[in-house]
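> One structure follows; several queries about it will come next.
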Amino acid sequence: MRLKNLIQSQHTEILSREKNNDKFLHLYDIGAYWVAFERSACRLNGLFSKSELTLFRVPDCVEYVVMASVPADEAEVCLGEYILLHDGIYRKVRSEHSLPTGDYRHWHEMAVRSVLL
């Protein structure tokens with residue numbers, strides 16, 4: 001239910017954060033899991049190879065939106081000390097490396113294929 005409410009009420013803000021995001025990992029606490037979308041999902045998937053990928057559609061977005069999720073306890077242990085901002089369910093983590101657009105686009109295509117097949 002928390003995930004559904006997050007996507008329905010904040011998808012525009014979330015996708016806006018991710019549009020040119022090459023420096024941060026934006027995470028959202030939905031209870032037992034932390035989730036990330038698009039470019040942040042790419043980073044989270046790179047940090048947690050067993051993260052679960054999910055696709056969904058939102059209004060005014062032609063492509064699938066990719067979401068990665070990891071158990072909250074694992075994310076907290078790994079990323080807890082790197083959190084720059086903690087605002088309710090939202091956490092912002094600074095990344096050590098930038099995310100080139102080409103790398104992200106390739107990951108996005110592969111993520112969509114892996115979920116759809």
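Going by the structure tokens order, chains are called A, B, ..., each with residues numbered from 1, while ligands are numbered from 1 in the order shown.
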Can you pull out every residue within 12 Å of region 68-80 of chain A, counting only C-alpha atoms, but drop anything in the same chain fewer than 4 positions away, and send it as a PDB file with N, CA, C and O atoms, in the first residue's frame?

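Writing done, so here's around13.pdb:
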```
ATOM      1  N   LEU A   3       3.825   1.608  -1.253  1.00  0.00           N
ATOM      2  CA  LEU A   3       4.416   1.763  -2.583  1.00  0.00           C
ATOM      3  C   LEU A   3       3.392   2.365  -3.549  1.00  0.00           C
ATOM      4  O   LEU A   3       3.705   3.289  -4.295  1.00  0.00           O
ATOM      5  N   LEU A  25      21.904   8.713  -5.147  1.00  0.00           N
ATOM      6  CA  LEU A  25      21.026   7.555  -5.051  1.00  0.00           C
ATOM      7  C   LEU A  25      19.846   8.027  -4.211  1.00  0.00           C
ATOM      8  O   LEU A  25      20.007   8.367  -3.036  1.00  0.00           O
ATOM      9  N   HIS A  26      18.673   8.131  -4.835  1.00  0.00           N
ATOM     10  CA  HIS A  26      17.453   8.570  -4.153  1.00  0.00           C
ATOM     11  C   HIS A  26      16.680   7.316  -3.764  1.00  0.00           C
ATOM     12  O   HIS A  26      16.314   6.510  -4.625  1.00  0.00           O
ATOM     13  N   LEU A  27      16.443   7.159  -2.467  1.00  0.00           N
ATOM     14  CA  LEU A  27      15.783   5.970  -1.934  1.00  0.00           C
ATOM     15  C   LEU A  27      14.506   6.355  -1.199  1.00  0.00           C
ATOM     16  O   LEU A  27      14.419   7.433  -0.613  1.00  0.00           O
ATOM     17  N   TYR A  28      13.551   5.417  -1.207  1.00  0.00           N
ATOM     18  CA  TYR A  28      12.271   5.638  -0.549  1.00  0.00           C
ATOM     19  C   TYR A  28      11.979   4.423   0.324  1.00  0.00           C
ATOM     20  O   TYR A  28      12.031   3.283  -0.137  1.00  0.00           O
ATOM     21  N   ASP A  29      11.674   4.679   1.587  1.00  0.00           N
ATOM     22  CA  ASP A  29      11.390   3.639   2.568  1.00  0.00           C
ATOM     23  C   ASP A  29       9.912   3.288   2.489  1.00  0.00           C
ATOM     24  O   ASP A  29       9.055   4.129   2.771  1.00  0.00           O
ATOM     25  N   ILE A  30       9.616   2.043   2.092  1.00  0.00           N
ATOM     26  CA  ILE A  30       8.210   1.626   2.022  1.00  0.00           C
ATOM     27  C   ILE A  30       7.917   0.531   3.049  1.00  0.00           C
ATOM     28  O   ILE A  30       7.038  -0.296   2.865  1.00  0.00           O
ATOM     29  N   GLY A  31       8.684   0.538   4.135  1.00  0.00           N
ATOM     30  CA  GLY A  31       8.468  -0.451   5.186  1.00  0.00           C
ATOM     31  C   GLY A  31       9.586  -1.467   5.196  1.00  0.00           C
ATOM     32  O   GLY A  31      10.711  -1.174   5.583  1.00  0.00           O
ATOM     33  N   ALA A  32       9.300  -2.667   4.738  1.00  0.00           N
ATOM     34  CA  ALA A  32      10.297  -3.740   4.738  1.00  0.00           C
ATOM     35  C   ALA A  32      11.339  -3.571   3.630  1.00  0.00           C
ATOM     36  O   ALA A  32      12.353  -4.259   3.627  1.00  0.00           O
ATOM     37  N   TYR A  33      11.091  -2.663   2.705  1.00  0.00           N
ATOM     38  CA  TYR A  33      12.008  -2.464   1.569  1.00  0.00           C
ATOM     39  C   TYR A  33      12.321  -0.988   1.373  1.00  0.00           C
ATOM     40  O   TYR A  33      11.527  -0.119   1.725  1.00  0.00           O
ATOM     41  N   TRP A  34      13.480  -0.753   0.774  1.00  0.00           N
ATOM     42  CA  TRP A  34      13.822   0.554   0.238  1.00  0.00           C
ATOM     43  C   TRP A  34      13.755   0.395  -1.269  1.00  0.00           C
ATOM     44  O   TRP A  34      14.222  -0.604  -1.814  1.00  0.00           O
ATOM     45  N   VAL A  35      13.175   1.381  -1.938  1.00  0.00           N
ATOM     46  CA  VAL A  35      13.048   1.327  -3.389  1.00  0.00           C
ATOM     47  C   VAL A  35      13.724   2.541  -4.021  1.00  0.00           C
ATOM     48  O   VAL A  35      13.870   3.592  -3.385  1.00  0.00           O
ATOM     49  N   ALA A  36      14.128   2.354  -5.267  1.00  0.00           N
ATOM     50  CA  ALA A  36      14.735   3.424  -6.056  1.00  0.00           C
ATOM     51  C   ALA A  36      14.191   3.310  -7.473  1.00  0.00           C
ATOM     52  O   ALA A  36      13.809   2.222  -7.915  1.00  0.00           O
ATOM     53  N   PHE A  37      14.192   4.424  -8.182  1.00  0.00           N
ATOM     54  CA  PHE A  37      13.621   4.466  -9.517  1.00  0.00           C
ATOM     55  C   PHE A  37      14.653   4.958 -10.528  1.00  0.00           C
ATOM     56  O   PHE A  37      15.504   5.783 -10.209  1.00  0.00           O
ATOM     57  N   GLU A  38      14.541   4.446 -11.737  1.00  0.00           N
ATOM     58  CA  GLU A  38      15.323   4.884 -12.894  1.00  0.00           C
ATOM     59  C   GLU A  38      16.827   4.921 -12.611  1.00  0.00           C
ATOM     60  O   GLU A  38      17.403   3.887 -12.347  1.00  0.00           O
ATOM     61  N   ARG A  39      17.471   6.079 -12.670  1.00  0.00           N
ATOM     62  CA  ARG A  39      18.928   6.153 -12.504  1.00  0.00           C
ATOM     63  C   ARG A  39      19.350   5.669 -11.122  1.00  0.00           C
ATOM     64  O   ARG A  39      20.370   5.006 -10.980  1.00  0.00           O
ATOM     65  N   SER A  40      18.572   5.993 -10.110  1.00  0.00           N
ATOM     66  CA  SER A  40      18.875   5.501  -8.763  1.00  0.00           C
ATOM     67  C   SER A  40      18.698   3.992  -8.694  1.00  0.00           C
ATOM     68  O   SER A  40      19.440   3.308  -7.991  1.00  0.00           O
ATOM     69  N   ALA A  41      17.724   3.467  -9.427  1.00  0.00           N
ATOM     70  CA  ALA A  41      17.527   2.015  -9.486  1.00  0.00           C
ATOM     71  C   ALA A  41      18.736   1.342 -10.111  1.00  0.00           C
ATOM     72  O   ALA A  41      19.160   0.267  -9.678  1.00  0.00           O
ATOM     73  N   CYS A  42      19.299   1.971 -11.122  1.00  0.00           N
ATOM     74  CA  CYS A  42      20.512   1.447 -11.768  1.00  0.00           C
ATOM     75  C   CYS A  42      21.642   1.352 -10.742  1.00  0.00           C
ATOM     76  O   CYS A  42      22.329   0.332 -10.642  1.00  0.00           O
ATOM     77  N   ARG A  43      21.835   2.395  -9.961  1.00  0.00           N
ATOM     78  CA  ARG A  43      22.881   2.397  -8.929  1.00  0.00           C
ATOM     79  C   ARG A  43      22.607   1.339  -7.864  1.00  0.00           C
ATOM     80  O   ARG A  43      23.496   0.616  -7.441  1.00  0.00           O
ATOM     81  N   LEU A  44      21.349   1.278  -7.403  1.00  0.00           N
ATOM     82  CA  LEU A  44      20.986   0.320  -6.358  1.00  0.00           C
ATOM     83  C   LEU A  44      21.182  -1.105  -6.843  1.00  0.00           C
ATOM     84  O   LEU A  44      21.704  -1.949  -6.117  1.00  0.00           O
ATOM     85  N   ASN A  45      20.800  -1.370  -8.082  1.00  0.00           N
ATOM     86  CA  ASN A  45      20.976  -2.688  -8.680  1.00  0.00           C
ATOM     87  C   ASN A  45      22.454  -3.053  -8.785  1.00  0.00           C
ATOM     88  O   ASN A  45      22.824  -4.211  -8.616  1.00  0.00           O
ATOM     89  N   GLY A  46      23.307  -2.070  -9.022  1.00  0.00           N
ATOM     90  CA  GLY A  46      24.748  -2.312  -9.063  1.00  0.00           C
ATOM     91  C   GLY A  46      25.330  -2.628  -7.694  1.00  0.00           C
ATOM     92  O   GLY A  46      26.260  -3.416  -7.572  1.00  0.00           O
ATOM     93  N   LEU A  47      24.767  -2.025  -6.646  1.00  0.00           N
ATOM     94  CA  LEU A  47      25.245  -2.264  -5.280  1.00  0.00           C
ATOM     95  C   LEU A  47      24.716  -3.566  -4.698  1.00  0.00           C
ATOM     96  O   LEU A  47      25.378  -4.213  -3.898  1.00  0.00           O
ATOM     97  N   PHE A  48      23.502  -3.924  -5.066  1.00  0.00           N
ATOM     98  CA  PHE A  48      22.836  -5.117  -4.547  1.00  0.00           C
ATOM     99  C   PHE A  48      22.439  -5.996  -5.717  1.00  0.00           C
ATOM    100  O   PHE A  48      21.370  -5.803  -6.310  1.00  0.00           O
ATOM    101  N   SER A  49      23.260  -6.949  -6.052  1.00  0.00           N
ATOM    102  CA  SER A  49      23.002  -7.788  -7.226  1.00  0.00           C
ATOM    103  C   SER A  49      21.697  -8.579  -7.109  1.00  0.00           C
ATOM    104  O   SER A  49      21.127  -8.986  -8.113  1.00  0.00           O
ATOM    105  N   LYS A  50      21.217  -8.778  -5.895  1.00  0.00           N
ATOM    106  CA  LYS A  50      19.974  -9.526  -5.712  1.00  0.00           C
ATOM    107  C   LYS A  50      18.767  -8.609  -5.555  1.00  0.00           C
ATOM    108  O   LYS A  50      17.715  -9.044  -5.106  1.00  0.00           O
ATOM    109  N   SER A  51      18.921  -7.340  -5.932  1.00  0.00           N
ATOM    110  CA  SER A  51      17.767  -6.436  -5.856  1.00  0.00           C
ATOM    111  C   SER A  51      16.704  -6.914  -6.841  1.00  0.00           C
ATOM    112  O   SER A  51      17.009  -7.518  -7.859  1.00  0.00           O
ATOM    113  N   GLU A  52      15.468  -6.627  -6.510  1.00  0.00           N
ATOM    114  CA  GLU A  52      14.358  -7.049  -7.362  1.00  0.00           C
ATOM    115  C   GLU A  52      13.956  -5.880  -8.253  1.00  0.00           C
ATOM    116  O   GLU A  52      13.785  -4.760  -7.787  1.00  0.00           O
ATOM    117  N   LEU A  53      13.819  -6.149  -9.545  1.00  0.00           N
ATOM    118  CA  LEU A  53      13.422  -5.121 -10.500  1.00  0.00           C
ATOM    119  C   LEU A  53      11.940  -5.257 -10.841  1.00  0.00           C
ATOM    120  O   LEU A  53      11.441  -6.367 -11.013  1.00  0.00           O
ATOM    121  N   THR A  54      11.275  -4.122 -10.947  1.00  0.00           N
ATOM    122  CA  THR A  54       9.860  -4.072 -11.275  1.00  0.00           C
ATOM    123  C   THR A  54       9.656  -2.972 -12.305  1.00  0.00           C
ATOM    124  O   THR A  54      10.322  -1.943 -12.253  1.00  0.00           O
ATOM    125  N   LEU A  55       8.735  -3.197 -13.227  1.00  0.00           N
ATOM    126  CA  LEU A  55       8.396  -2.191 -14.240  1.00  0.00           C
ATOM    127  C   LEU A  55       6.986  -1.686 -13.983  1.00  0.00           C
ATOM    128  O   LEU A  55       6.124  -2.442 -13.545  1.00  0.00           O
ATOM    129  N   PHE A  56       6.759  -0.428 -14.288  1.00  0.00           N
ATOM    130  CA  PHE A  56       5.403   0.094 -14.251  1.00  0.00           C
ATOM    131  C   PHE A  56       5.310   1.291 -15.181  1.00  0.00           C
ATOM    132  O   PHE A  56       6.305   1.793 -15.673  1.00  0.00           O
ATOM    133  N   LEU A  84      22.881  11.573   3.126  1.00  0.00           N
ATOM    134  CA  LEU A  84      23.056  13.023   3.256  1.00  0.00           C
ATOM    135  C   LEU A  84      21.792  13.699   3.760  1.00  0.00           C
ATOM    136  O   LEU A  84      21.843  14.711   4.438  1.00  0.00           O
ATOM    137  N   LEU A  85      20.648  13.157   3.372  1.00  0.00           N
ATOM    138  CA  LEU A  85      19.368  13.746   3.728  1.00  0.00           C
ATOM    139  C   LEU A  85      18.399  12.634   4.092  1.00  0.00           C
ATOM    140  O   LEU A  85      18.309  11.625   3.395  1.00  0.00           O
ATOM    141  N   HIS A  86      17.709  12.819   5.195  1.00  0.00           N
ATOM    142  CA  HIS A  86      16.698  11.862   5.641  1.00  0.00           C
ATOM    143  C   HIS A  86      15.451  12.677   5.928  1.00  0.00           C
ATOM    144  O   HIS A  86      15.412  13.448   6.879  1.00  0.00           O
ATOM    145  N   ILE A  89      10.145   9.388   4.466  1.00  0.00           N
ATOM    146  CA  ILE A  89      10.456   8.140   3.779  1.00  0.00           C
ATOM    147  C   ILE A  89      11.586   8.295   2.766  1.00  0.00           C
ATOM    148  O   ILE A  89      12.085   7.322   2.228  1.00  0.00           O
ATOM    149  N   ARG A  91      15.351   9.273   1.339  1.00  0.00           N
ATOM    150  CA  ARG A  91      16.755   9.362   1.702  1.00  0.00           C
ATOM    151  C   ARG A  91      17.566   9.704   0.456  1.00  0.00           C
ATOM    152  O   ARG A  91      17.293   9.197  -0.619  1.00  0.00           O
ATOM    153  N   LYS A  92      18.565  10.541   0.646  1.00  0.00           N
ATOM    154  CA  LYS A  92      19.440  10.940  -0.449  1.00  0.00           C
ATOM    155  C   LYS A  92      20.864  10.535  -0.076  1.00  0.00           C
ATOM    156  O   LYS A  92      21.367  10.920   0.969  1.00  0.00           O
ATOM    157  N   VAL A  93      21.491   9.750  -0.962  1.00  0.00           N
ATOM    158  CA  VAL A  93      22.836   9.242  -0.725  1.00  0.00           C
ATOM    159  C   VAL A  93      23.738   9.747  -1.845  1.00  0.00           C
ATOM    160  O   VAL A  93      23.400   9.606  -3.029  1.00  0.00           O
ATOM    161  N   ARG A  94      24.873  10.329  -1.500  1.00  0.00           N
ATOM    162  CA  ARG A  94      25.822  10.804  -2.513  1.00  0.00           C
ATOM    163  C   ARG A  94      26.621   9.625  -3.034  1.00  0.00           C
ATOM    164  O   ARG A  94      27.072   8.778  -2.285  1.00  0.00           O
ATOM    165  N   SER A  95      26.810   9.593  -4.334  1.00  0.00           N
ATOM    166  CA  SER A  95      27.580   8.523  -4.963  1.00  0.00           C
ATOM    167  C   SER A  95      29.011   8.991  -5.194  1.00  0.00           C
ATOM    168  O   SER A  95      29.272  10.172  -5.406  1.00  0.00           O
ATOM    169  N   HIS A 108      18.989   0.290 -18.504  1.00  0.00           N
ATOM    170  CA  HIS A 108      17.532   0.407 -18.564  1.00  0.00           C
ATOM    171  C   HIS A 108      16.962  -0.566 -19.593  1.00  0.00           C
ATOM    172  O   HIS A 108      15.994  -1.285 -19.318  1.00  0.00           O
ATOM    173  N   ALA A 111      17.290  -4.076 -18.244  1.00  0.00           N
ATOM    174  CA  ALA A 111      16.378  -4.289 -17.129  1.00  0.00           C
ATOM    175  C   ALA A 111      14.954  -4.544 -17.644  1.00  0.00           C
ATOM    176  O   ALA A 111      14.275  -5.466 -17.187  1.00  0.00           O
ATOM    177  N   VAL A 112      14.514  -3.744 -18.597  1.00  0.00           N
ATOM    178  CA  VAL A 112      13.175  -3.933 -19.172  1.00  0.00           C
ATOM    179  C   VAL A 112      13.086  -5.296 -19.831  1.00  0.00           C
ATOM    180  O   VAL A 112      12.116  -6.039 -19.610  1.00  0.00           O
ATOM    181  N   VAL A 115      12.879  -8.226 -17.256  1.00  0.00           N
ATOM    182  CA  VAL A 115      11.597  -8.358 -16.564  1.00  0.00           C
ATOM    183  C   VAL A 115      10.499  -8.844 -17.504  1.00  0.00           C
ATOM    184  O   VAL A 115       9.662  -9.656 -17.127  1.00  0.00           O
TER     185      VAL A 115
END
```
> Just list as a list in words whatever in region 42-93 of chain A DSSP marks as strand (DSSP E or B).
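Secondary structure check on region 42-93 of chain A, strand (DSSP E or B): Glu52, Leu53, Thr54, Leu55, Phe56, Val65, Val66, Met67, Ala68, Ser69, Val70, Pro71, Ile83, Leu84, Leu85, His86, Asp87, Tyr90, Arg91, Lys92 and Val93 of chain A.
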> Going by DSSP on the backbone, which residues of chain A come out as helix (DSSP H, G or I)? List them as a VMD selection string.
chain A and resid 2 to 18 38 to 47 72 to 82 101 to 116
> Given only C-alpha atoms as the basis, pick out the residue of A:Leu6, A:Leu116, A:Val58, A:Met110 nearest to Tyr90 (chain A).
A:Leu6
> Skipping near chain neighbours, those fewer than 2 positions away, what residues fall within 12 Å of Thr12 (chain A) using only C-alpha atoms, listed as a PyMOL selection string?
chain A and resi 6-10+14-19+37+57-61+65
> From the set A:Tyr82, A:Thr101, A:Glu13, A:Arg113, which residue has the shortest atom-to-atom contact distance to Tyr64 (chain A), counting only C-alpha atoms?
A:Arg113
> Which distance in Å separates CA of Lys4 (chain A) and CA of Met67 (chain A), to one decimal?
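Calculated distance between CA of Lys4 (chain A) and CA of Met67 (chain A) is 12.5 Å.
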> Counting only C-alpha atoms, which of A:Glu81, A:Lys23, A:Asp87, A:Glu63 gets nearest to Arg105 (chain A)?
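Using only C-alpha atoms, Arg105 (chain A) sits closest to A:Glu63.
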> Just to confirm, what's the straight-line distance from CA of Val62 (chain A) to CA of Ser98 (chain A) in Å (one decimal)?
25.4 Å
> Between CA of Trp107 (chain A) and CA of Asp22 (chain A), what is the spacing in Å?
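Distance between the two atoms: 13.9 Å.
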